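*Asks:* To be precise about what I am sending: the file is called model_3.csv and holds CSV, C-alpha atoms and all ligand atoms.
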```
chain,number,residue,atom,x,y,z
S,1,MET,CA,12.0,8.2,24.5
S,2,PHE,CA,9.9,8.2,21.3
S,3,GLU,CA,9.7,11.1,18.9
S,4,LEU,CA,6.6,11.5,16.7
S,5,ARG,CA,6.9,12.8,13.1
S,6,GLU,CA,4.6,13.0,10.2
S,7,GLU,CA,5.0,9.9,8.0
S,8,THR,CA,7.0,10.5,4.8
S,9,PRO,CA,7.1,8.4,1.6
S,10,ASP,CA,10.4,7.0,2.9
S,11,ASP,CA,8.6,5.6,6.0
S,12,TRP,CA,6.0,3.7,3.9
S,13,TRP,CA,7.5,0.2,3.8
S,14,GLU,CA,8.6,0.3,7.4
S,15,VAL,CA,5.1,1.2,8.5
S,16,GLU,CA,3.6,-1.6,6.3
S,17,ALA,CA,6.1,-4.1,7.8
S,18,LEU,CA,5.0,-2.9,11.3
S,19,TYR,CA,1.4,-3.4,10.5
S,20,ASP,CA,2.1,-6.8,9.0
S,21,LEU,CA,3.8,-7.8,12.3
S,22,CYS,CA,1.1,-6.4,14.6
S,23,PHE,CA,-2.1,-7.6,12.7
S,24,ALA,CA,-3.3,-11.0,11.6
S,25,PRO,CA,-2.4,-12.1,8.1
S,26,GLY,CA,-4.7,-10.8,5.4
S,27,ARG,CA,-5.4,-7.5,7.2
S,28,GLU,CA,-5.9,-5.8,3.9
S,29,ALA,CA,-8.9,-8.0,3.2
S,30,LEU,CA,-10.8,-6.3,6.1
S,31,SER,CA,-13.8,-4.3,4.9
S,32,SER,CA,-12.3,-1.1,6.4
S,33,TYR,CA,-9.5,-1.3,3.8
S,34,ARG,CA,-12.1,-1.0,1.0
S,35,LEU,CA,-12.8,2.5,2.3
S,36,ARG,CA,-9.2,3.4,1.7
S,37,ASP,CA,-8.9,2.1,-1.8
S,38,GLU,CA,-7.8,4.9,-4.2
S,39,VAL,CA,-8.3,7.5,-1.5
S,40,PRO,CA,-5.2,9.4,-0.3
S,41,LYS,CA,-4.6,9.3,3.4
S,42,VAL,CA,-4.8,12.4,5.6
S,43,ALA,CA,-1.1,13.0,5.5
S,44,ALA,CA,-0.9,15.6,8.2
S,45,LEU,CA,-2.3,13.1,10.7
S,46,CYS,CA,-0.3,10.1,9.8
S,47,LEU,CA,2.5,9.8,12.4
S,48,VAL,CA,5.4,7.6,13.0
S,49,ALA,CA,7.1,7.1,16.4
S,50,ARG,CA,10.8,6.4,16.4
S,51,ASP,CA,13.2,5.8,19.3
S,52,ALA,CA,16.4,7.7,19.8
S,53,SER,CA,18.2,5.3,17.4
S,54,GLY,CA,15.6,5.9,14.7
S,55,VAL,CA,14.0,2.5,15.2
S,56,ILE,CA,10.2,2.5,14.5
S,57,GLY,CA,8.1,1.8,17.5
S,58,GLY,CA,4.6,2.7,16.3
S,59,ALA,CA,2.5,4.3,13.6
S,60,ILE,CA,-0.9,5.7,13.0
S,61,ARG,CA,-2.7,6.5,9.8
S,62,TYR,CA,-6.0,8.2,9.0
S,63,TRP,CA,-8.3,8.3,5.9
S,64,PRO,CA,-11.3,10.6,5.1
S,65,VAL,CA,-14.7,8.9,4.8
S,66,ARG,CA,-18.3,10.2,4.3
S,67,ILE,CA,-21.5,9.3,6.1
S,68,SER,CA,-24.6,10.6,4.4
S,69,GLY,CA,-22.5,13.4,2.9
S,70,HIS,CA,-20.8,14.3,6.2
S,71,ARG,CA,-17.0,14.1,6.2
S,72,ALA,CA,-15.3,12.2,9.0
S,73,LEU,CA,-11.9,10.8,9.8
S,74,LEU,CA,-11.4,7.1,9.9
S,75,LEU,CA,-8.7,6.4,12.5
S,76,GLY,CA,-6.4,3.5,11.8
S,77,PRO,CA,-4.5,1.4,11.4
S,78,VAL,CA,-2.7,2.2,14.6
S,79,ALA,CA,0.0,-0.3,15.9
S,80,VAL,CA,2.8,-0.4,18.3
S,81,HIS,CA,5.8,-2.8,18.0
S,82,PRO,CA,5.2,-5.8,20.3
S,83,THR,CA,8.4,-5.0,22.2
S,84,HIS,CA,7.0,-1.5,23.2
S,85,GLN,CA,3.3,-2.3,23.7
S,86,GLY,CA,2.0,-1.1,27.1
S,87,GLU,CA,4.5,1.8,27.3
S,88,GLY,CA,2.0,4.5,26.2
S,89,VAL,CA,3.2,4.8,22.6
S,90,GLY,CA,-0.3,4.0,21.3
S,91,ALA,CA,-1.8,6.6,23.6
S,92,LEU,CA,0.8,9.2,22.4
S,93,LEU,CA,0.1,8.5,18.8
S,94,ILE,CA,-3.7,8.7,19.2
S,95,ALA,CA,-3.8,11.7,21.5
S,96,GLN,CA,-1.3,13.8,19.4
S,97,SER,CA,-3.0,13.0,16.1
S,98,LEU,CA,-6.5,13.7,17.5
S,99,ASN,CA,-5.2,17.1,18.9
S,100,LYS,CA,-3.8,17.9,15.4
S,101,ALA,CA,-7.1,16.8,13.8
S,102,GLN,CA,-9.0,19.3,15.9
S,103,ASP,CA,-6.4,22.0,15.2
S,104,ILE,CA,-6.8,21.6,11.5
S,105,GLY,CA,-10.5,21.7,11.6
S,106,TRP,CA,-11.9,18.2,11.6
S,107,ASP,CA,-15.2,17.8,13.5
S,108,ARG,CA,-15.6,14.0,13.9
S,109,VAL,CA,-13.6,10.8,14.0
S,110,MET,CA,-14.6,7.2,13.8
S,111,LEU,CA,-12.9,3.8,14.0
S,112,VAL,CA,-13.5,0.1,14.3
S,113,GLY,CA,-11.8,-1.2,17.5
S,114,ASP,CA,-12.0,-2.4,21.0
S,115,PRO,CA,-14.3,-0.1,23.1
S,116,PRO,CA,-12.3,-0.8,26.4
S,117,TYR,CA,-9.1,0.7,24.8
S,118,TYR,CA,-10.6,3.6,22.8
S,119,SER,CA,-13.0,4.8,25.5
S,120,ARG,CA,-10.1,6.3,27.4
S,121,PHE,CA,-9.7,8.8,24.5
S,122,GLY,CA,-13.4,9.6,24.6
S,123,PHE,CA,-14.7,7.2,21.9
S,124,SER,CA,-18.1,5.7,22.3
S,125,HIS,CA,-20.4,3.4,20.3
S,126,LEU,CA,-21.8,5.0,17.1
S,127,PRO,CA,-25.3,3.6,16.6
S,128,GLY,CA,-26.6,3.9,13.1
S,129,VAL,CA,-23.2,4.4,11.5
S,130,VAL,CA,-22.8,1.3,9.3
S,131,MET,CA,-19.4,0.0,8.2
S,132,PRO,CA,-19.2,-2.3,5.1
S,133,PRO,CA,-19.9,-5.9,6.1
S,134,PRO,CA,-18.7,-7.9,7.8
S,135,THR,CA,-18.1,-5.5,10.7
S,136,ASN,CA,-19.3,-6.1,14.3
S,137,PRO,CA,-21.5,-2.9,14.8
S,138,ASP,CA,-20.5,-2.9,18.5
S,139,ARG,CA,-17.0,-2.1,17.5
S,140,VAL,CA,-17.9,1.0,15.5
S,141,LEU,CA,-16.9,3.9,17.7
S,142,GLY,CA,-16.9,7.7,17.3
S,143,LEU,CA,-15.5,10.8,18.9
S,144,GLU,CA,-16.7,14.4,18.5
S,145,LEU,CA,-14.0,17.1,18.0
S,146,SER,CA,-16.6,19.8,18.0
S,147,ASP,CA,-19.8,19.8,20.1
S,148,GLY,CA,-22.6,17.7,18.7
S,149,ALA,CA,-20.6,16.8,15.6
S,150,TRP,CA,-22.1,13.3,15.4
S,151,ASP,CA,-25.6,14.4,16.3
S,152,GLY,CA,-28.1,13.0,13.8
S,153,ILE,CA,-25.5,11.4,11.5
S,154,THR,CA,-26.5,7.9,10.5
S,155,GLY,CA,-26.0,5.8,7.4
S,156,ALA,CA,-23.4,3.8,5.5
S,157,VAL,CA,-19.7,4.8,5.7
S,158,GLU,CA,-18.5,5.5,2.2
S,159,ARG,CA,-15.2,6.3,0.5
S,160,ASP,CA,-14.3,10.0,0.2
S,161,LEU,CA,-12.9,9.9,-3.2
S,162,PRO,CA,-11.0,13.1,-4.3
S,163,ALA,CA,-12.9,15.3,-6.7
S,164,GLY,CA,-12.1,14.8,-10.4
Z,1,LIG,C1,-3.7,-1.5,20.6
Z,1,LIG,C2,-2.3,-0.8,20.6
Z,1,LIG,C3,-2.1,0.2,19.4
Z,1,LIG,C4,-2.2,-0.1,21.9
Z,1,LIG,O1,-0.9,0.6,21.9
Z,1,LIG,P1,0.0,0.5,23.3
Z,1,LIG,O2,1.1,1.5,23.1
Z,1,LIG,O3,0.3,-0.9,23.5
Z,1,LIG,O4,-1.0,1.0,24.4
Z,1,LIG,P2,-0.8,2.0,25.5
Z,1,LIG,O5,0.5,1.8,26.2
Z,1,LIG,O6,-1.1,3.4,25.1
Z,1,LIG,O7,-1.9,1.6,26.5
Z,1,LIG,C5,-1.8,0.4,27.3
Z,1,LIG,C6,-3.1,0.1,27.9
Z,1,LIG,O8,-4.1,-0.2,26.9
Z,1,LIG,C7,-4.6,-1.5,27.2
Z,1,LIG,N1,-5.0,-2.1,25.9
Z,1,LIG,C8,-4.1,-2.3,24.9
Z,1,LIG,N2,-4.8,-3.0,23.9
Z,1,LIG,C9,-6.1,-3.1,24.3
Z,1,LIG,C10,-7.2,-3.7,23.7
Z,1,LIG,N3,-7.2,-4.2,22.5
Z,1,LIG,N4,-8.4,-3.7,24.5
Z,1,LIG,C11,-8.4,-3.2,25.7
Z,1,LIG,N5,-7.3,-2.6,26.3
Z,1,LIG,C12,-6.2,-2.6,25.6
Z,1,LIG,C13,-3.6,-2.2,28.0
Z,1,LIG,O9,-4.1,-3.2,28.7
Z,1,LIG,C14,-3.0,-1.1,28.9
Z,1,LIG,O10,-4.0,-0.9,29.9
Z,1,LIG,P3,-3.6,-0.1,31.3
Z,1,LIG,O11,-3.2,1.4,30.9
Z,1,LIG,O12,-4.8,-0.2,32.1
Z,1,LIG,O13,-2.4,-0.8,31.8
Z,1,LIG,C15,-1.1,-1.9,20.5
Z,1,LIG,O14,-1.3,-2.7,21.6
Z,1,LIG,C16,-1.1,-2.7,19.3
Z,1,LIG,O15,-0.4,-2.3,18.3
Z,1,LIG,N6,-1.8,-3.8,19.2
Z,1,LIG,C17,-1.8,-4.7,18.0
Z,1,LIG,C18,-2.5,-4.0,16.9
Z,1,LIG,C19,-3.9,-3.6,17.2
Z,1,LIG,O16,-4.7,-4.3,17.8
Z,1,LIG,N7,-4.2,-2.3,16.8
Z,1,LIG,C20,-5.5,-1.7,17.1
Z,1,LIG,C21,-6.5,-2.1,16.2
Z,1,LIG,S1,-8.1,-1.6,16.7
```
Could you write out this structure as structure tokens?
Ligand SMILES: CC(C)(COP(=O)(O)OP(=O)(O)OC[C@H]1O[C@@H](n2cnc3c(N)ncnc32)[C@H](O)[C@@H]1OP(=O)(O)O)[C@@H](O)C(=O)NCCC(=O)NCCS
*Replies:*
Amino acid sequence: MFELREETPDDWWEVEALYDLCFAPGREALSSYRLRDEVPKVAALCLVARDASGVIGGAIRYWPVRISGHRALLLGPVAVHPTHQGEGVGALLIAQSLNKAQDIGWDRVMLVGDPPYYSRFGFSHLPGVVMPPPTNPDRVLGLELSDGAWDGITGAVERDLPAG
């Protein structure tokens, strides 16, 4: 029913409107957004789900970050339109983008989110990886896309600004 495509510049405002609908007002004041300032998103992993009529049903974006010099993906925001929540669109967006991330050579992914939801994709608590405050450390989760990719990685999560 839903088709996933890479987000294009034409999708931008529809995705923003979807996020505004799905998240509390002031979402861009969250500390995780400071890690996205002036950093291009990882375009190949940003996906939009549309139904057969072309109506947007969900979207996921990713940004690169660094922890003690190690690159990681920051998953999110991900949101599904309230009329389609619970139909598996979120799982589709997350699973497909994670597969693609692995295919194109990313080793590790992190996010700030609800452990009961993200554990089904293999995410678990990342002790010692510190998001900018105020972030509940219990909600900082990670997933390895290659064996041992998070082993020994601790420290503050920082922006991965493009060179130059
Ligand atoms: C969270 C979200 C992306 C999930 O997408 P979705 O398409 O509704 O989810 P799916 O259909 O893939 O999965 C549904 C399952 O996830 C569970 N679930 C959804 N959100 C959850 C949450 N925050 N915590 C725990 N479980 C959750 C549902 O109860 C359901 O469980 P079941 O499979 O046992 O019935 C979507 O609900 C959403 O956009 N929510 C508002 C924005 C948001 O909170 N985004 C995530 C920020 S961390």
*Asks:* Have a look at CA of Gly142 in chain S and CA of Asp114 in chain S and let me know their distance in Å, one decimal.
*Replies:* 11.8 Å
*Asks:* How close does chain S get to ligand LIG 1 (chain Z)? List, as JSON lines, each residue of chain S within 7 Å, its nearest atom pair and the distance in Å to one decimal, counting all atoms listed in the file.
*Replies:*
```
{"residue": "S:Cys22", "atom": "CA", "partner": "Z:LIG1", "partner_atom": "C17", "distance": 4.8}
{"residue": "S:Phe23", "atom": "CA", "partner": "Z:LIG1", "partner_atom": "C18", "distance": 5.5}
{"residue": "S:Pro77", "atom": "CA", "partner": "Z:LIG1", "partner_atom": "C21", "distance": 6.3}
{"residue": "S:Val78", "atom": "CA", "partner": "Z:LIG1", "partner_atom": "N7", "distance": 5.2}
{"residue": "S:Ala79", "atom": "CA", "partner": "Z:LIG1", "partner_atom": "O15", "distance": 3.1}
{"residue": "S:Val80", "atom": "CA", "partner": "Z:LIG1", "partner_atom": "O15", "distance": 3.7}
{"residue": "S:His81", "atom": "CA", "partner": "Z:LIG1", "partner_atom": "O15", "distance": 6.2}
{"residue": "S:Pro82", "atom": "CA", "partner": "Z:LIG1", "partner_atom": "O15", "distance": 6.9}
{"residue": "S:His84", "atom": "CA", "partner": "Z:LIG1", "partner_atom": "O2", "distance": 6.6}
{"residue": "S:Gln85", "atom": "CA", "partner": "Z:LIG1", "partner_atom": "O3", "distance": 3.3}
{"residue": "S:Gly86", "atom": "CA", "partner": "Z:LIG1", "partner_atom": "O5", "distance": 3.4}
{"residue": "S:Glu87", "atom": "CA", "partner": "Z:LIG1", "partner_atom": "O5", "distance": 4.1}
{"residue": "S:Gly88", "atom": "CA", "partner": "Z:LIG1", "partner_atom": "O5", "distance": 3.1}
{"residue": "S:Val89", "atom": "CA", "partner": "Z:LIG1", "partner_atom": "O2", "distance": 3.9}
{"residue": "S:Gly90", "atom": "CA", "partner": "Z:LIG1", "partner_atom": "O2", "distance": 3.4}
{"residue": "S:Ala91", "atom": "CA", "partner": "Z:LIG1", "partner_atom": "O6", "distance": 3.6}
{"residue": "S:Leu92", "atom": "CA", "partner": "Z:LIG1", "partner_atom": "O6", "distance": 6.7}
{"residue": "S:Val112", "atom": "CA", "partner": "Z:LIG1", "partner_atom": "S1", "distance": 6.1}
{"residue": "S:Gly113", "atom": "CA", "partner": "Z:LIG1", "partner_atom": "S1", "distance": 3.8}
{"residue": "S:Asp114", "atom": "CA", "partner": "Z:LIG1", "partner_atom": "N4", "distance": 5.2}
{"residue": "S:Pro116", "atom": "CA", "partner": "Z:LIG1", "partner_atom": "C11", "distance": 4.6}
{"residue": "S:Tyr117", "atom": "CA", "partner": "Z:LIG1", "partner_atom": "N5", "distance": 4.0}
```
*Asks:* If we count only C-alpha atoms and set the cut-off at 9 Å, which residues sit around range 98-103 of chain S, ignoring sequence neighbours fewer than 6 positions away in its own chain? Please answer as a list in words.
*Replies:* Ala44, Leu45, Leu73, Val109, Leu145 and Ser146 of chain S
*Asks:* Kindly indicate which residue among S:Ala17, S:Leu30, S:Ile94, S:Ile60 lies nearest to Pro133 in chain S, using only C-alpha atoms for the distances.
*Replies:*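 Closest residue, counting only C-alpha atoms: S:Leu30.
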*Asks:* Residues at most 12 Å from Arg71 in chain S, counting all atoms listed in the file, excluding those fewer than 2 positions away in the same chain, as a PyMOL selection string?
*Replies:* chain S and resi 63-69+73-74+105-110+149-150+153+157-161
*Asks:* Residues of the last selection are to be written out with C-alpha atoms, as a compact mmCIF listing (two decimals), in the coordinates of the input.
*Replies:*
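Wrote selection.txt, looks like this:
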```txt
# COMPACT_ATOMS: atom_id res chain seq x y z
CA TRP S 63 -8.30 8.30 5.90
CA PRO S 64 -11.30 10.60 5.10
CA VAL S 65 -14.70 8.90 4.80
CA ARG S 66 -18.30 10.20 4.30
CA ILE S 67 -21.50 9.30 6.10
CA SER S 68 -24.60 10.60 4.40
CA GLY S 69 -22.50 13.40 2.90
CA LEU S 73 -11.90 10.80 9.80
CA LEU S 74 -11.40 7.10 9.90
CA GLY S 105 -10.50 21.70 11.60
CA TRP S 106 -11.90 18.20 11.60
CA ASP S 107 -15.20 17.80 13.50
CA ARG S 108 -15.60 14.00 13.90
CA VAL S 109 -13.60 10.80 14.00
CA MET S 110 -14.60 7.20 13.80
CA ALA S 149 -20.60 16.80 15.60
CA TRP S 150 -22.10 13.30 15.40
CA ILE S 153 -25.50 11.40 11.50
CA VAL S 157 -19.70 4.80 5.70
CA GLU S 158 -18.50 5.50 2.20
CA ARG S 159 -15.20 6.30 0.50
CA ASP S 160 -14.30 10.00 0.20
CA LEU S 161 -12.90 9.90 -3.20
```
*Asks:* When you draw a straight line from CA of Glu14 in chain S to CA of Leu47 in chain S, how long is it in Å?
*Replies:* 12.3 Å
*Asks:* What does the structure give for the distance between CA of Val140 in chain S and CA of Leu126 in chain S, in Å to one decimal?
*Replies:*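 Spanning CA of Val140 in chain S to CA of Leu126 in chain S is a straight-line distance of 5.8 Å.
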*Asks:* Quick one: of S:Tyr62, S:Ile56, S:Pro134, S:Gln96, who's nearest to Ala29 in chain S, counting only C-alpha atoms?
*Replies:*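 Counting only C-alpha atoms, the residue closest to Ala29 in chain S is S:Pro134.
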*Asks:* Taking all atoms listed in the file into account, name the residue in S:Pro25, S:Gly148, S:Pro9, S:Gly164 that is nearest to Val48 in chain S.
*Replies:* S:Pro9
*Asks:* Which residue is closest to Pro40 in chain S? Choose from S:Phe2, S:Tyr118, S:Gly155, S:Arg61 and count all atoms listed in the file.
*Replies:*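 That would be S:Arg61, the residue with the smallest distance to Pro40 in chain S.
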*Asks:* Of the residues S:Gly128, S:Gly152, S:Gly76, S:Gly122, which is the one nearest to Val42 in chain S, using all atoms listed in the file?
*Replies:* S:Gly76
*Asks:* For Arg50 in chain S, which residue among S:Thr154, S:Ser124, S:Ala24, S:Asp11 is the nearest when counting all atoms listed in the file?
*Replies:*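 Counting all atoms listed in the file, the residue closest to Arg50 in chain S is S:Asp11.
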*Asks:* Env of Thr135 in chain S: 10 Å cut, atoms = only C-alpha atoms, seq-sep filter 3 positions within chain, self excluded. Answer as a VMD selection string.
*Replies:* chain S and resid 30 to 32 112 130 to 132 138 to 140
